[in-house]
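K.L.:
The structure follows.
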Amino acid sequence: MLSYRHGFHAGNFADVFKHILLCRLVQSLLGKDKPFFYLDTHAGAGRYDLTSVMAKKNREFNGGISRLWEKADAPEAVRDYLAVVRAINPTEELQAYPGSPLFVRHFLRPADRMMLCELHSKDAEYLKEEFARDRQVSVQMLDGYHGLKAYLPPIQRRGLVLIDPAFELKDERARLLEALTEAYKRWSGGIYAIWYPIQDRQTVDWFHRQLIRSGIRNILSAELKIYDEEMPLRMNGTGMIIVNPPWQLDGQLEAFGPWLWQAMSQQGQGGFKVNWLVPE
Ligand SMILES: C[S@@+](CC[C@H](N)C(=O)[O-])C[C@H]1O[C@@H](n2cnc3c(N)ncnc32)[C@H](O)[C@@H]1O
């Protein structure tokens, strides 16, 4: 039984970080005419109502998208991201927040395809409704780790996989590492983006060490922390692993990361860091 609902967290600082990076990765795929494939293993509901009881319970979006919504000096990478949020909020007021599937769908060309896996029955239902008449998008109520086996390698031969679990299970990281290693054996040329929370450093270091030992090449990590002190029960920061990052992504991240950190860090704590875990 899954208890996690992304609706409580939609638009928080971790979502902002993840979705800006996601938009960057999609932009890099648009640089070539050949169609691409996108697999979202933990797709969520697709779209979130920020006026709902769920979103308003802790108003996490106040520490995330609300802090960017009216910024006039956003760097290009952030402007691409904001364009998608604006597209689903046609009035000036911020009322809805797109999930990862809607961010990617915004940029898709007619020959590109996306496959979405979501295991929570209610969120899978919302996702199916969202894309019911969309022939470029397929939604499966399926374990995303099984999805990696079922849909990789894709016929398009180029593309992006987002692995964005809820981390509510104790063995999530171990399961993720096993599934990623298997997926990479089947399709070593794909871009993989893996989101993770930063609660305590020890857990993150363990996760990084396992990645370094996995045999996977070309692994970049980017981290945004908004607190100096690491309190294990709080999300102190957020990170993304990128396997096979597009050329010059590290430089792009270094360029807009500090701006993003400044916008997200409420007390000027934490920081932004880009680090190669395994070179090419
Ligand atoms: C962090 S949320 C995803 C958010 C979404 N990717 C976004 O950025 O908008 C994680 C989602 O994974 C779903 N989930 C949990 N375990 C899963 C699994 N094994 N396979 C597929 N979905 C799963 C949860 O129901 C939840 O909706």
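Just so we're on the same page: first chain in the structure tokens is A, next is B, and so on; residues restart at 1 for each chain, and ligands are numbered from 1 in the order they show up.
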Which chains and residue numbers are within 8 Å of ligand 1, counting only C-alpha atoms and all ligand atoms, if I want them as number ranges by chain?

P.N.:
A: 2-6, 10, 15, 18-19, 40-47, 98-101, 117-121, 123, 141-146, 162-168

K.L.:
Could you pull the residues within 10 Å of region 247-263 of chain A, counting only C-alpha atoms, minus those fewer than 4 positions along the same chain, as a VMD selection string?

P.N.:
chain A and resid 13 16 to 17 20 to 21 24 to 25 28 63 to 65 67 to 68 71 73 to 78 220 to 226 242 267 to 276

K.L.:
Under the rule that only C-alpha atoms are counted, which of A:Arg158, A:His208, A:Arg175, A:Arg201 is the nearest residue to Gly189 (chain A)?

P.N.:
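Distance minimum relative to Gly189 (chain A) lands on A:Arg158.
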
K.L.:
Residues within 9 Å of Pro153 (chain A), please, as a PyMOL selection string. Count only C-alpha atoms; anything in the same chain fewer than 4 positions from it doesn't count.

P.N.:
chain A and resi 148-149+157-158+183+186-188+190

K.L.:
Give me every alpha helix (DSSP H) residue in region 73-280 of chain A, going by DSSP on the backbone, as a ChimeraX atom specification.

P.N.:
/A:76-87,100-107,121-130,144-151,172-186,201-213,249-264

K.L.:
So how many Å separate CA of Thr181 (chain A) and CA of Leu277 (chain A), to one decimal?

P.N.:
15.2 Å

K.L.:
Which is closest to Glu60 (chain A) among A:Ser265, A:Asn218, A:Asn12, A:Gln95, if we use only C-alpha atoms?

P.N.:
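Among the listed residues, the smallest separation from Glu60 (chain A) belongs to A:Asn12.
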
K.L.:
Rounded to one decimal, what separation in Å do you get between CA of Ala55 (chain A) and CA of Phe8 (chain A)?

P.N.:
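Taking CA of Ala55 (chain A) and CA of Phe8 (chain A), their separation equals 4.8 Å.
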
K.L.:
Measuring atom to atom with only C-alpha atoms, identify which of A:Ala179, A:Gly7, A:Trp69, A:Lys185 is nearest to Ser52 (chain A).

P.N.:
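Looking only at the distances to Ser52 (chain A), the closest residue turns out to be A:Gly7.
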
K.L.:
For CA of Lys32 (chain A) and CA of Val278 (chain A), quote the distance in Å rounded to one decimal.

P.N.:
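We find that CA of Lys32 (chain A) and CA of Val278 (chain A) lie 25.8 Å from each other.
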